[in-house]
Amino acid sequence: MKLFNFATMQCTITRVVSRVLLYKRFGPLMETQRDAHFGAHRRMVVGLGNPGMDATRHSVGMAVLGALAARLELAHCWHVDKQVSGEVIVTTIQDIPVILLRPKLPMNINGVSVARAAVKYGVRAEDILLVHDELDKALGKTAFKNGGSASGHNGVRSCVDTLQSNVMLRLRVGIGRPEGKTLVERHVLGCFSRSEEPLVAAVLQRSVDLLLAWLAPTHRRSRAHQQGGDKPREPAEFPKPLH
């Protein structure tokens with residue numbers, strides 16, 4: 001009972017902190033821009049994780065976004081957007097604006113960053129894809145999930161709370177459960193072992209393929225540009241859709 005009460009209290013405090021961060025610092029912009037851009041179809045891909053802990057299992061979503069940017073030859077285009085508390089790349093794929101986001105807030109409140117970015121860039125909740133780690137899938141396994149509950153993932157829960165919606169598509173990247181007596185927290189906050197690295201590299205590329213199939217369902221070329229008026233880069237080739 002004490003454990004339940006502590007978990008409930010922790011969840012409540014996290015929600016309050018998220019609401020304060022979201023509305024106190026970003027509220028005016030949300031009110032003025034809430035419907036400003038929704039006429040344009042836009043998509044956003046978010047890599048969930050903890051800033052400064054990029055190599056850990058819990059931040060594998062951020063690693064996938066890094067691999068996606070590298071595939072698009074945009075790895076040098078990440079820039080910190082202080083308004084959304086995150087690293088952002090804005091690109092165009094098949095004439096559709098696409099935002100890549102890596103929140104720079106702790107996992108438990110990174111939904112604040114996602115909600116801020118959704119408002120600033122005019123992205124609807126149904127056009128957001130969250131990439132995150134999944135304990136209940138073995139390392140090397142990936143799967144899409146069409147909205148629904150957070151299934152115990154604090155980062156997803158934060159996004160659901162701040163966006164006030166659970167329709168976001170999720171790409172779940174398996175990290176497996178810990179073996180033996182290793183605590184779950186220690187497992188997810190730990191780095192991949194040397195023996196796991198080849199499998200991690202493979203699953204990152206597989207995840208990128210899945211993301212590109214969602215973003216670019218036909219075999220076409222796109223031009224990408226860095227937010228802020230930089231000149232467009234050369235077109236990037238996309239893979240055929242996955243079935």
# chains A, B, ... in the order shown; residues from 1 in each chain; ligands from 1
>>> select_by_dssp(residues="segment 50-199 of chain A", states="alpha helix (DSSP H)", output="ChimeraX atom specification")
/A:60-71,111-121,154-163,184-188,197-199
>>> residues_around(residues="segment 123-125 of chain A", least_positions_apart="4", cutoff="6 Å", atoms="only C-alpha atoms", output="list in words")
Arg42, Ala118 and Met168 of chain A
>>> closest_atom_pairs(of="segment 51-70 of chain A", to="segment 181-193 of chain A", cutoff="6 Å", atoms="only C-alpha atoms", output="CSV")
residue,atom,partner,partner_atom,distance
A:Ala55,CA,A:Cys191,CA,5.7
A:Thr56,CA,A:Cys191,CA,4.2
A:Arg57,CA,A:Val188,CA,5.1
A:His58,CA,A:Val188,CA,5.0
>>> closest_residue(among="A:Gly176, A:Gly155, A:Gly66, A:Gly148", to="Ser113 of chain A", atoms="only C-alpha atoms")
A:Gly155
>>> atom_distance(atom1="atom CA of Ser85 of chain A", atom2="atom CA of Val119 of chain A")
12.9 Å
>>> select_by_dssp(residues="segment 151-186 of chain A", states="strand (DSSP E)", output="VMD selection string")
chain A and resid 169 to 174
